[in-house]
file model-v6.txt (compact mmCIF, C-alpha atoms and all ligand atoms)
# COMPACT_ATOMS: atom_id res chain seq x y z
CA MET A 1 80.39 105.04 119.04
CA MET A 2 81.03 108.70 119.69
CA ARG A 3 84.04 108.59 117.41
CA ARG A 4 82.03 106.83 114.74
CA LEU A 5 79.46 109.64 114.84
CA THR A 6 82.15 112.29 114.85
CA ALA A 7 83.77 110.54 111.93
CA LEU A 8 80.54 110.54 109.96
CA LEU A 9 80.01 114.19 110.72
CA LEU A 10 83.56 115.00 109.65
CA THR A 11 83.09 113.05 106.44
CA LEU A 12 79.98 115.06 105.70
CA LEU A 13 81.76 118.29 106.48
CA THR A 14 84.68 117.28 104.28
CA LEU A 15 82.34 116.48 101.43
CA LEU A 16 80.53 119.78 101.91
CA SER A 17 83.75 121.78 101.97
CA LEU A 18 85.00 119.91 98.90
CA THR A 19 81.84 120.88 97.04
CA ALA A 20 81.94 124.43 98.30
CA CYS A 21 85.54 125.14 97.34
CA GLY A 22 85.75 123.16 94.12
CA GLY A 23 88.06 120.50 95.47
CA GLN A 24 90.32 122.78 97.44
CA SER A 25 89.72 122.54 101.13
CA SER A 26 92.86 124.20 102.44
CA ASP A 27 93.22 127.88 103.12
CA PRO A 28 95.09 130.03 100.65
CA PRO A 29 98.49 131.17 101.94
CA ALA A 30 98.11 134.15 104.23
CA GLU A 31 100.92 136.12 102.67
CA GLY A 32 100.67 136.80 98.97
CA PRO A 33 102.96 139.41 97.48
CA ASP A 34 105.64 139.24 100.21
CA ALA A 35 108.44 137.45 98.42
CA PRO A 36 111.05 135.98 100.79
CA ASP A 37 113.81 138.07 99.26
CA ALA A 38 112.49 141.55 98.65
CA GLY A 39 115.91 143.18 98.72
CA GLU A 40 116.49 143.37 94.99
CA GLY A 41 115.77 147.10 94.77
CA GLU A 42 113.08 147.25 92.12
CA PRO A 43 109.49 146.68 93.14
CA VAL A 44 108.14 143.65 91.33
CA GLU A 45 104.53 143.73 90.22
CA VAL A 46 104.25 140.02 89.52
CA LEU A 47 101.52 138.25 91.41
CA PRO A 48 102.51 134.91 92.90
CA PRO A 49 101.17 131.89 91.05
CA GLU A 50 97.90 130.43 92.27
CA PRO A 51 98.68 127.68 94.76
CA GLU A 52 97.86 124.25 93.44
CA PRO A 53 94.97 122.56 95.22
CA TYR A 54 96.32 120.50 98.05
CA THR A 55 93.85 118.52 100.10
CA ILE A 56 94.73 117.27 103.53
CA LEU A 57 92.38 114.51 104.61
CA ASP A 58 91.96 113.10 108.07
CA PRO A 59 92.68 109.33 108.10
CA THR A 60 90.36 108.87 111.06
CA VAL A 61 87.37 109.89 108.96
CA MET A 62 87.83 107.11 106.42
CA PRO A 63 84.73 104.93 106.54
CA GLU A 64 85.35 101.49 107.95
CA GLY A 65 85.98 99.16 105.04
CA GLY A 66 84.97 101.98 102.76
CA VAL A 67 85.87 102.41 99.13
CA ARG A 68 86.80 105.77 97.71
CA ASP A 69 88.11 106.44 94.22
CA GLY A 70 88.47 102.70 93.70
CA VAL A 71 90.68 102.29 96.80
CA THR A 72 89.54 100.09 99.67
CA TYR A 73 90.42 101.43 103.11
CA VAL A 74 90.89 98.92 105.92
CA ALA A 75 91.55 99.27 109.64
CA TRP A 76 95.17 99.26 110.84
CA ASP A 77 95.75 98.68 114.53
CA GLY A 78 99.38 97.55 114.30
CA ILE A 79 102.64 99.40 114.91
CA VAL A 80 102.98 102.79 113.30
CA GLU A 81 106.61 102.97 112.21
CA HIS A 82 108.43 106.24 112.74
CA LEU A 83 111.67 107.24 111.01
CA PHE A 84 113.49 110.50 111.57
CA PHE A 85 116.15 112.29 109.59
CA HIS A 86 118.48 115.18 110.18
CA PRO A 87 119.10 117.61 107.31
CA VAL A 88 120.49 115.67 104.37
CA VAL A 89 123.92 116.24 102.82
CA ALA A 90 123.59 118.06 99.51
CA TYR A 91 127.33 118.15 98.73
CA PRO A 92 129.25 115.17 100.14
CA GLU A 93 132.58 116.68 99.02
CA LEU A 94 132.04 119.53 101.51
CA ALA A 95 130.58 117.36 104.26
CA PHE A 96 133.20 114.63 104.14
CA ASP A 97 136.29 116.75 103.61
CA GLY A 98 138.09 115.42 106.69
CA ASP A 99 137.44 118.46 108.89
CA ALA A 100 136.32 118.32 112.52
CA GLN A 101 132.64 117.85 111.59
CA ALA A 102 133.07 115.13 108.99
CA ASN A 103 132.68 112.12 111.29
CA GLY A 104 129.69 113.63 113.11
CA ILE A 105 127.95 114.22 109.79
CA ASP A 106 128.84 110.66 108.79
CA ASP A 107 127.28 109.38 112.03
CA TYR A 108 124.04 111.37 112.03
CA MET A 109 123.15 112.21 108.45
CA VAL A 110 122.38 110.65 105.09
CA THR A 111 123.23 112.11 101.70
CA VAL A 112 120.66 113.28 99.17
CA ASP A 113 121.31 110.16 97.07
CA GLU A 114 120.79 107.90 100.08
CA TYR A 115 117.64 109.77 101.09
CA ASP A 116 116.20 109.46 97.57
CA LYS A 117 116.81 105.71 97.65
CA ILE A 118 115.33 105.34 101.14
CA LEU A 119 112.11 107.10 100.08
CA GLN A 120 111.84 104.89 97.01
CA SER A 121 112.43 101.77 99.10
CA VAL A 122 109.86 102.52 101.83
CA TYR A 123 107.38 103.40 99.10
CA ASP A 124 108.11 100.12 97.26
CA LYS A 125 107.66 98.19 100.51
CA GLY A 126 104.12 99.50 100.95
CA TYR A 127 104.51 102.24 103.51
CA VAL A 128 102.27 105.30 103.30
CA LEU A 129 102.75 108.56 105.15
CA VAL A 130 100.54 109.45 108.09
CA ASP A 131 100.65 112.56 110.21
CA ILE A 132 101.94 112.09 113.75
CA GLY A 133 98.99 114.22 114.91
CA ASP A 134 96.52 111.64 113.55
CA VAL A 135 98.00 108.58 115.26
CA TRP A 136 96.92 109.42 118.82
CA SER A 137 94.07 111.54 120.18
CA GLU A 138 93.21 113.08 123.47
CA THR A 139 89.99 111.82 125.01
CA THR A 140 88.31 111.55 128.40
CA GLY A 141 88.88 108.33 130.30
CA GLU A 142 86.30 106.45 132.40
CA ASP A 143 87.62 108.27 135.46
CA GLY A 144 86.78 111.60 133.83
CA GLN A 145 90.45 112.46 133.36
CA PRO A 146 91.97 113.33 129.97
CA LYS A 147 94.08 110.58 128.43
CA MET A 148 95.64 109.68 125.11
CA VAL A 149 94.29 106.89 122.91
CA LYS A 150 95.72 105.33 119.79
CA ASN A 151 93.44 105.84 116.80
CA THR A 152 92.48 103.14 114.35
CA LEU A 153 93.86 104.29 111.03
CA TYR A 154 91.98 103.36 107.88
CA LEU A 155 94.62 102.79 105.22
CA PRO A 156 94.52 101.70 101.61
CA GLU A 157 94.40 97.91 101.68
CA GLY A 158 97.83 96.32 101.95
CA LYS A 159 99.58 99.52 103.06
CA LYS A 160 101.48 100.18 106.29
CA PRO A 161 101.62 103.52 108.12
CA LEU A 162 104.82 105.52 108.44
CA ILE A 163 105.51 108.74 110.33
CA LEU A 164 108.45 110.85 109.21
CA SER A 165 110.04 113.54 111.34
CA PHE A 166 112.99 115.82 110.63
CA ASP A 167 115.12 117.05 113.49
CA ASP A 168 116.96 120.37 113.64
CA THR A 169 115.48 121.83 110.45
CA ASN A 170 117.00 125.14 111.48
CA TYR A 171 119.92 125.34 109.03
CA TYR A 172 122.52 125.91 111.72
CA GLU A 173 125.50 128.11 110.92
CA TYR A 174 127.97 125.24 111.17
CA MET A 175 126.13 123.32 108.47
CA LEU A 176 126.27 126.04 105.83
CA SER A 177 129.91 125.48 104.93
CA ASN A 178 129.60 121.73 105.37
CA GLY A 179 127.57 120.68 102.36
CA PHE A 180 124.02 121.48 103.48
CA THR A 181 121.46 123.85 102.03
CA TYR A 182 121.12 127.28 103.71
CA LYS A 183 117.40 127.88 103.96
CA LEU A 184 113.98 127.10 102.55
CA VAL A 185 112.55 129.54 100.00
CA LEU A 186 109.64 129.64 97.57
CA ASP A 187 110.77 129.01 94.01
CA GLU A 188 109.44 130.75 90.90
CA ASN A 189 106.37 128.52 90.97
CA GLY A 190 105.64 129.27 94.60
CA LYS A 191 106.80 125.84 95.75
CA ILE A 192 109.10 125.07 98.66
CA ALA A 193 112.70 124.85 97.48
CA SER A 194 116.10 125.21 99.10
CA TRP A 195 118.54 128.04 98.62
CA GLY A 196 122.26 127.51 99.10
CA LYS A 197 125.70 127.53 97.52
CA ASP A 198 127.42 124.81 95.59
CA PRO A 199 131.10 123.94 96.25
CA GLN A 200 132.14 126.58 93.69
CA GLY A 201 130.15 129.24 95.56
CA ASN A 202 127.33 129.60 93.01
CA GLU A 203 123.88 130.30 94.38
CA VAL A 204 121.50 127.39 93.84
CA VAL A 205 117.72 127.24 94.20
CA SER A 206 116.62 123.63 93.92
CA ARG A 207 113.99 121.08 94.87
CA ASP A 208 116.50 118.21 94.67
CA LEU A 209 119.01 119.04 97.40
CA ASP A 210 116.99 119.21 100.61
CA ALA A 211 114.91 116.60 102.46
CA ILE A 212 111.77 118.73 102.49
CA PRO A 213 111.30 119.63 98.79
CA ILE A 214 112.62 116.18 97.81
CA LEU A 215 109.74 114.60 99.74
CA ASP A 216 107.30 117.12 98.24
CA LYS A 217 108.45 116.13 94.76
CA PHE A 218 108.34 112.43 95.57
CA VAL A 219 104.71 112.75 96.69
CA GLU A 220 103.85 114.74 93.56
CA GLU A 221 105.25 111.86 91.51
CA HIS A 222 103.76 109.14 93.79
CA PRO A 223 100.54 110.58 95.24
CA ASP A 224 99.59 107.21 96.73
CA PHE A 225 102.59 107.51 99.08
CA SER A 226 100.57 110.13 100.98
CA PRO A 227 96.90 109.10 100.78
CA PHE A 228 95.86 111.72 103.35
CA GLY A 229 98.18 114.54 102.36
CA ALA A 230 100.64 114.07 105.24
CA LYS A 231 104.33 114.83 104.82
CA GLY A 232 106.48 115.03 107.95
CA CYS A 233 106.83 116.80 111.26
CA LEU A 234 109.62 119.37 111.45
CA SER A 235 111.39 119.37 114.82
CA LEU A 236 112.60 122.89 115.52
CA THR A 237 114.96 124.44 118.02
CA GLY A 238 115.11 128.23 118.27
CA TYR A 239 118.64 129.32 119.13
CA GLU A 240 119.68 129.96 115.52
CA GLY A 241 116.22 130.74 114.21
CA ILE A 242 114.10 128.40 112.10
CA LEU A 243 114.13 127.06 108.53
CA GLY A 244 117.24 129.13 107.73
CA TYR A 245 115.84 132.46 108.98
CA ARG A 246 117.56 134.10 111.94
CA THR A 247 114.48 134.80 114.00
CA GLN A 248 116.15 134.31 117.41
CA THR A 249 116.99 136.84 120.06
CA ASP A 250 120.32 137.06 121.77
CA THR A 251 120.11 138.03 125.42
CA LYS A 252 123.77 139.03 125.77
CA SER A 253 123.90 141.90 123.30
CA TRP A 254 120.98 143.24 121.38
CA THR A 255 120.90 146.37 119.26
CA ALA A 256 118.13 148.12 117.36
CA ALA A 257 119.79 147.04 114.10
CA GLN A 258 119.79 143.40 115.21
CA GLU A 259 116.15 143.63 116.18
CA ALA A 260 115.28 145.23 112.83
CA ASN A 261 117.03 142.38 111.04
CA ARG A 262 115.20 139.85 113.20
CA GLN A 263 111.86 141.41 112.27
CA LYS A 264 112.83 141.19 108.59
CA GLU A 265 113.67 137.50 108.98
CA ILE A 266 110.35 136.91 110.78
CA GLU A 267 108.43 138.47 107.89
CA ALA A 268 110.47 136.44 105.39
CA VAL A 269 109.81 133.08 107.05
CA LYS A 270 106.04 133.55 107.38
CA PRO A 271 105.15 132.62 103.77
CA ILE A 272 107.45 129.60 104.03
CA ILE A 273 105.64 128.37 107.13
CA ALA A 274 102.25 128.99 105.47
CA GLU A 275 103.21 126.99 102.38
CA LEU A 276 104.67 124.13 104.45
CA LYS A 277 101.45 123.91 106.46
CA ARG A 278 99.34 124.09 103.33
CA THR A 279 101.19 121.12 101.84
CA GLY A 280 101.01 118.71 104.78
CA TRP A 281 103.99 119.61 106.98
CA THR A 282 103.59 120.04 110.72
CA PHE A 283 105.87 121.37 113.46
CA GLY A 284 107.11 120.19 116.84
CA SER A 285 109.42 121.50 119.52
CA HIS A 286 113.00 120.29 119.86
CA THR A 287 113.45 122.78 122.77
CA TRP A 288 114.79 126.29 122.15
CA GLY A 289 118.38 125.57 123.08
CA HIS A 290 118.66 121.85 122.16
CA ILE A 291 118.97 121.27 125.90
CA ARG A 292 119.32 117.97 127.72
CA LEU A 293 115.99 117.35 129.43
CA GLY A 294 117.51 114.65 131.61
CA SER A 295 120.08 116.83 133.31
CA LYS A 296 119.04 120.50 133.19
CA SER A 297 117.23 122.01 136.17
CA LEU A 298 113.46 122.44 136.07
CA GLU A 299 113.96 126.21 136.14
CA THR A 300 116.24 126.14 133.10
CA ILE A 301 113.76 123.91 131.26
CA GLN A 302 110.91 126.29 132.08
CA GLU A 303 112.82 129.30 130.77
CA ASP A 304 113.84 127.40 127.63
CA THR A 305 110.26 126.25 126.97
CA GLN A 306 108.88 129.77 127.36
CA ARG A 307 111.52 131.05 124.96
CA TRP A 308 110.55 128.38 122.42
CA PHE A 309 106.91 129.51 122.63
CA ASP A 310 107.94 133.19 122.31
CA GLU A 311 110.30 132.80 119.38
CA VAL A 312 109.20 129.62 117.54
CA GLY A 313 105.68 128.76 118.65
CA SER A 314 104.63 132.34 117.93
CA LEU A 315 105.55 131.69 114.28
CA VAL A 316 104.61 128.06 113.65
CA GLY A 317 101.57 127.87 115.93
CA PRO A 318 100.67 125.55 118.78
CA THR A 319 102.00 121.99 118.84
CA THR A 320 101.52 118.90 120.99
CA ILE A 321 104.73 117.23 119.80
CA LEU A 322 108.06 117.36 121.66
CA PHE A 323 111.23 115.76 120.31
CA TYR A 324 113.84 115.15 123.03
CA PRO A 325 117.24 116.66 122.11
CA HIS A 326 119.90 113.92 122.05
CA GLY A 327 116.96 111.55 122.64
CA GLU A 328 117.51 112.26 126.36
CA ARG A 329 114.46 111.40 128.48
CA PRO A 330 113.40 113.69 131.34
CA ASP A 331 113.40 112.55 134.96
CA GLY A 332 115.47 109.45 134.26
CA ASN A 333 113.02 106.98 132.77
CA ASP A 334 109.95 108.72 131.42
CA TRP A 335 107.83 105.65 130.83
CA GLN A 336 108.10 104.27 134.35
CA ASN A 337 108.23 107.61 136.18
CA THR A 338 106.29 110.78 135.71
CA GLY A 339 108.63 113.32 137.25
CA PRO A 340 108.52 117.09 137.66
CA VAL A 341 110.05 117.88 134.27
CA PHE A 342 107.65 115.62 132.40
CA ARG A 343 104.70 117.04 134.35
CA TYR A 344 105.78 120.58 133.54
CA LEU A 345 106.22 119.86 129.81
CA GLN A 346 102.84 118.13 129.69
CA SER A 347 101.25 121.12 131.45
CA GLN A 348 102.56 123.29 128.58
CA GLY A 349 100.48 121.36 126.04
CA PHE A 350 102.84 118.60 124.91
CA ARG A 351 101.18 115.20 124.53
CA VAL A 352 103.46 113.19 122.25
CA PHE A 353 107.03 112.84 123.56
CA CYS A 354 109.47 111.43 121.03
CA SER A 355 112.84 109.89 121.79
CA VAL A 356 115.18 107.76 119.69
CA GLY A 357 115.46 103.99 119.91
CA ILE A 358 115.91 100.63 118.26
CA GLU A 359 112.25 100.20 117.34
CA SER A 360 109.12 102.30 116.84
CA PHE A 361 108.07 101.67 120.43
CA SER A 362 105.15 103.65 121.81
CA TYR A 363 103.54 103.72 125.22
CA ILE A 364 100.45 105.55 126.41
CA LYS A 365 101.05 106.73 129.94
CA LYS A 366 98.44 105.71 132.53
CA ASP A 367 98.91 108.46 135.10
CA ILE A 368 99.01 111.49 132.83
CA CYS A 369 97.63 112.44 129.44
CA ALA A 370 100.66 111.70 127.28
CA VAL A 371 102.23 109.19 124.92
CA ILE A 372 105.89 108.33 124.58
CA CYS A 373 107.32 107.06 121.34
CA ASP A 374 110.72 106.04 120.06
CA ARG A 375 111.87 106.65 116.52
CA LEU A 376 114.29 104.83 114.29
CA HIS A 377 117.10 106.82 112.71
CA PRO A 378 118.32 106.24 109.18
CA ASP A 379 121.86 107.69 109.27
CA GLY A 380 125.49 106.70 108.82
CA THR A 381 125.61 104.84 112.13
CA THR A 382 122.67 102.57 111.34
CA LEU A 383 123.63 102.19 107.67
CA ARG A 384 127.02 100.89 108.85
CA HIS A 385 126.00 98.91 111.92
CA SER A 386 122.27 98.09 111.96
CA ARG A 387 121.50 96.72 108.52
CA ASP A 388 119.21 93.92 109.83
CA ARG A 389 117.05 96.19 111.95
CA TYR A 390 116.22 98.38 108.96
CA LEU A 391 115.60 95.65 106.37
CA GLN A 392 111.85 96.15 106.65
CA PHE A 393 112.47 99.65 105.23
CA TYR A 394 115.54 99.24 103.02
CA ASP A 395 118.76 97.29 102.62
CA ALA A 396 121.76 99.38 103.66
CA LYS A 397 123.78 97.58 100.98
CA ASP A 398 121.59 99.17 98.32
CA ILE A 399 121.44 102.56 100.01
CA MET A 400 124.81 103.50 101.47
CA ASP A 401 126.96 105.73 99.33
CA VAL A 402 130.21 104.10 100.48
CA ALA A 403 132.38 105.91 97.94
CA VAL A 404 131.62 109.43 99.21
CA ARG A 405 131.60 108.70 102.94
CA PRO A 406 134.67 108.49 105.20
CA GLN A 407 136.38 105.12 105.05
CA ARG A 408 135.15 103.78 108.40
CA GLU A 409 133.97 100.40 109.60
CA ILE A 410 130.92 98.75 107.99
CA ASP A 411 129.52 95.60 109.60
CA TRP A 412 128.07 94.04 106.47
CA ALA A 413 130.91 94.84 104.04
ZN ZN A 501 118.61 117.49 117.57
call {"tool": "encode", "arguments": {"input": "model-v6.txt", "output": "structure tokens", "more": "lines below"}}
Ligand SMILES: [Zn+2]
result
Amino acid sequence: MMRRLTALLLTLLTLLSLTACGGQSSDPPAEGPDAPDAGEGEPVEVLPPEPEPYTILDPTVMPEGGVRDGVTYVAWDGIVEHLFFHPVVAYPELAFDGDAQANGIDDYMVTVDEYDKILQSVYDKGYVLVDIGDVWSETTGEDGQPKMVKNTLYLPEGKKPLILSFDDTNYYEYMLSNGFTYKLVLDENGKIASWGKDPQGNEVVSRDLDAIPILDKFVEEHPDFSPFGAKGCLSLTGYEGILGYRTQTDTKSWTAAQEANRQKEIEAVKPIIAELKRTGWTFGSHTWGHIRLGSKSLETIQEDTQRWFDEVGSLVGPTTILFYPHGERPDGNDWQNTGPVFRYLQSQGFRVFCSVGIESFSYIKKDICAVICDRLHPDGTTLRHSRDRYLQFYDAKDIMDVAVRPQREIDWA
């Protein structure tokens, strides 16, 4: 009942804000004239283009059985599927060149072509994007204690909800020479694009070579894929900065010049973060050091978490989402036990704890305000070996770019 009232109120507020701002309910980007690359020498007097209106709606405020713009929204209480990707391979000839990283990239990543086909397939199969932050809410239980609840999502009739998350969107040094893009930038139209180098060493700014702008473009072309404006949740470490900007500290040696460069990178990434947020992207922690939460000491985990807040959280804002590095669960089994590591992480504000698994399993913990969820992982390993499990999303036979990948075993071939 309370939620119903809140929902009504929110609907009213949304309507009011829509009227007030002429259809644009999101804030303008905080940083205007600060271009990400201001090192060209000559001051440029060009104002950035006006951001296009981008409305993020809350799925929980959709009226029950309501109709809006000719679309009927109905309650969904079933499984919310969750797929996660690593950065996608822009140049397979660099990624799969037989060097020491080639098989790891084959195991854990998909190529741009495969990613494009996966998006098309999940769209064709009736999935629509929802924000991970809208799937569960914190509330007060009958015992007066805070607890998580799963929300009823109101989706366009016939559609199924899908969360996307993207691990390690840091643009690690090792990836740069291995066929990945180097960083996110704003292109000449003020939209998120990638910057990088092609195999011949030419600089390339593109919206077709990186998972993030590719999804942005896909939603522009298929707006009904994201009925509420959601995109994906970016899972960030901190040890090599974020989004391709070297915003990290180094405790071993640190000079004034290094700090000055770090401050420059921090200023450069701010408009990228603002634009990502404005267009439906959210952020979660993947720990600062990509550390194993199942084997590190509590003290190490506390230091790492604080460092993530200092160097990453300070830029992207607060988050309730934690993505376990290596999928490794704290305290042994986190859904039967609530151990000291889990308690500590929860005390730091995390509520949704994501691992990796063979289904989109989720479990609301009874003894602490938290939810645990597993994610499926489209990548070389599952394309080769788990075709059946992913048929509800796509058929690996139609997706896998066998010709460009290493010649390794495929179960269905
Ligand atoms: Zn990771």
call {"tool": "closest_residue", "arguments": {"input": "model-v6.txt", "among": "A:Phe323, A:Tyr54, A:Trp195, A:Tyr123", "to": "A:Lys160", "atoms": "all atoms listed in the file"}}
result
A:Tyr123
call {"tool": "closest_atom_pairs", "arguments": {"input": "model-v6.txt", "of": "stretch 249-345 of chain A", "to": "stretch 210-229 of chain A", "cutoff": "10 Å", "atoms": "all atoms listed in the file", "output": "JSON lines"}}
result
{"residue": "A:Leu276", "atom": "CA", "partner": "A:Ile212", "partner_atom": "CA", "distance": 9.1}
{"residue": "A:Arg278", "atom": "CA", "partner": "A:Gly229", "partner_atom": "CA", "distance": 9.7}
{"residue": "A:Thr279", "atom": "CA", "partner": "A:Gly229", "partner_atom": "CA", "distance": 7.3}
{"residue": "A:Gly280", "atom": "CA", "partner": "A:Gly229", "partner_atom": "CA", "distance": 5.6}
{"residue": "A:Trp281", "atom": "CA", "partner": "A:Gly229", "partner_atom": "CA", "distance": 9.0}
call {"tool": "write_last_selection", "arguments": {"input": "model-v6.txt", "atoms": "C-alpha atoms", "output": "JSON list (two decimals), keeping the file's coordinate frame"}}
result
[["chain", "number", "residue", "atom", "x", "y", "z"],
["A", 276, "LEU", "CA", 104.67, 124.13, 104.45],
["A", 278, "ARG", "CA", 99.34, 124.09, 103.33],
["A", 279, "THR", "CA", 101.19, 121.12, 101.84],
["A", 280, "GLY", "CA", 101.01, 118.71, 104.78],
["A", 281, "TRP", "CA", 103.99, 119.61, 106.98]]
call {"tool": "closest_residue", "arguments": {"input": "model-v6.txt", "among": "A:Glu240, A:Asp106, A:Glu359, A:Asp374", "to": "A:Tyr172", "atoms": "all atoms listed in the file"}}
result
A:Glu240
call {"tool": "residues_near_ligand", "arguments": {"input": "model-v6.txt", "ligand": "ligand ZN 501 (chain A)", "cutoff": "7 Å", "atoms": "only C-alpha atoms and all ligand atoms", "output": "compact mmCIF listing (two decimals) with C-alpha atoms, in the coordinates of the input"}}
result
# COMPACT_ATOMS: atom_id res chain seq x y z
CA ASP A 167 115.12 117.05 113.49
CA ASP A 168 116.96 120.37 113.64
CA HIS A 286 113.00 120.29 119.86
CA HIS A 290 118.66 121.85 122.16
CA PRO A 325 117.24 116.66 122.11
CA HIS A 326 119.90 113.92 122.05
call {"tool": "closest_residue", "arguments": {"input": "model-v6.txt", "among": "A:Ser177, A:Ser137, A:Asn261, A:Ser295", "to": "A:Val371", "atoms": "only C-alpha atoms"}}
result
A:Ser137
call {"tool": "atom_distance", "arguments": {"input": "model-v6.txt", "atom1": "atom CA of A:Pro378", "atom2": "atom CA of A:Asn103"}}
result
15.7 Å
call {"tool": "residues_around", "arguments": {"input": "model-v6.txt", "residues": "A:Met148", "least_positions_apart": "4", "cutoff": "9 Å", "atoms": "only C-alpha atoms", "output": "PyMOL selection string"}}
result
chain A and resi 136-141+351+364-366+368-371
call {"tool": "residues_near_point", "arguments": {"input": "model-v6.txt", "point": "(113.5, 126.1, 100.9)", "cutoff": "6 Å", "atoms": "all atoms listed in the file", "output": "list in words"}}
result
Lys183, Leu184, Val185, Ile192, Ala193, Ser194 and Trp195 of chain A
call {"tool": "residues_around", "arguments": {"input": "model-v6.txt", "residues": "A:Asp107", "least_positions_apart": "6", "cutoff": "9 Å", "atoms": "only C-alpha atoms", "output": "short mmCIF file (atom, residue, chain, number, x, y, z; two decimals) with C-alpha atoms, in the frame of the given file"}}
result
data_model
loop_
_atom_site.label_atom_id
_atom_site.label_comp_id
_atom_site.auth_asym_id
_atom_site.auth_seq_id
_atom_site.Cartn_x
_atom_site.Cartn_y
_atom_site.Cartn_z
CA ASP A 379 121.86 107.69 109.27
CA GLY A 380 125.49 106.70 108.82
CA THR A 381 125.61 104.84 112.13
CA THR A 382 122.67 102.57 111.34
#
call {"tool": "closest_residue", "arguments": {"input": "model-v6.txt", "among": "A:Asp250, A:Asp208, A:Asp401, A:Glu311", "to": "A:Gly238", "atoms": "all atoms listed in the file"}}
result
A:Glu311
call {"tool": "closest_residue", "arguments": {"input": "model-v6.txt", "among": "A:Pro146, A:Leu94, A:Val112, A:Lys117", "to": "A:Lys197", "atoms": "all atoms listed in the file"}}
result
A:Leu94
call {"tool": "atom_distance", "arguments": {"input": "model-v6.txt", "atom1": "atom CA of A:Thr319", "atom2": "atom CA of A:Tyr363"}}
result
19.4 Å
call {"tool": "closest_residue", "arguments": {"input": "model-v6.txt", "among": "A:Trp76, A:Phe96, A:Tyr108, A:Tyr127", "to": "A:Leu162", "atoms": "all atoms listed in the file"}}
result
A:Tyr127
call {"tool": "atom_distance", "arguments": {"input": "model-v6.txt", "atom1": "atom CA of A:Met400", "atom2": "atom CA of A:Glu114"}}
result
6.1 Å
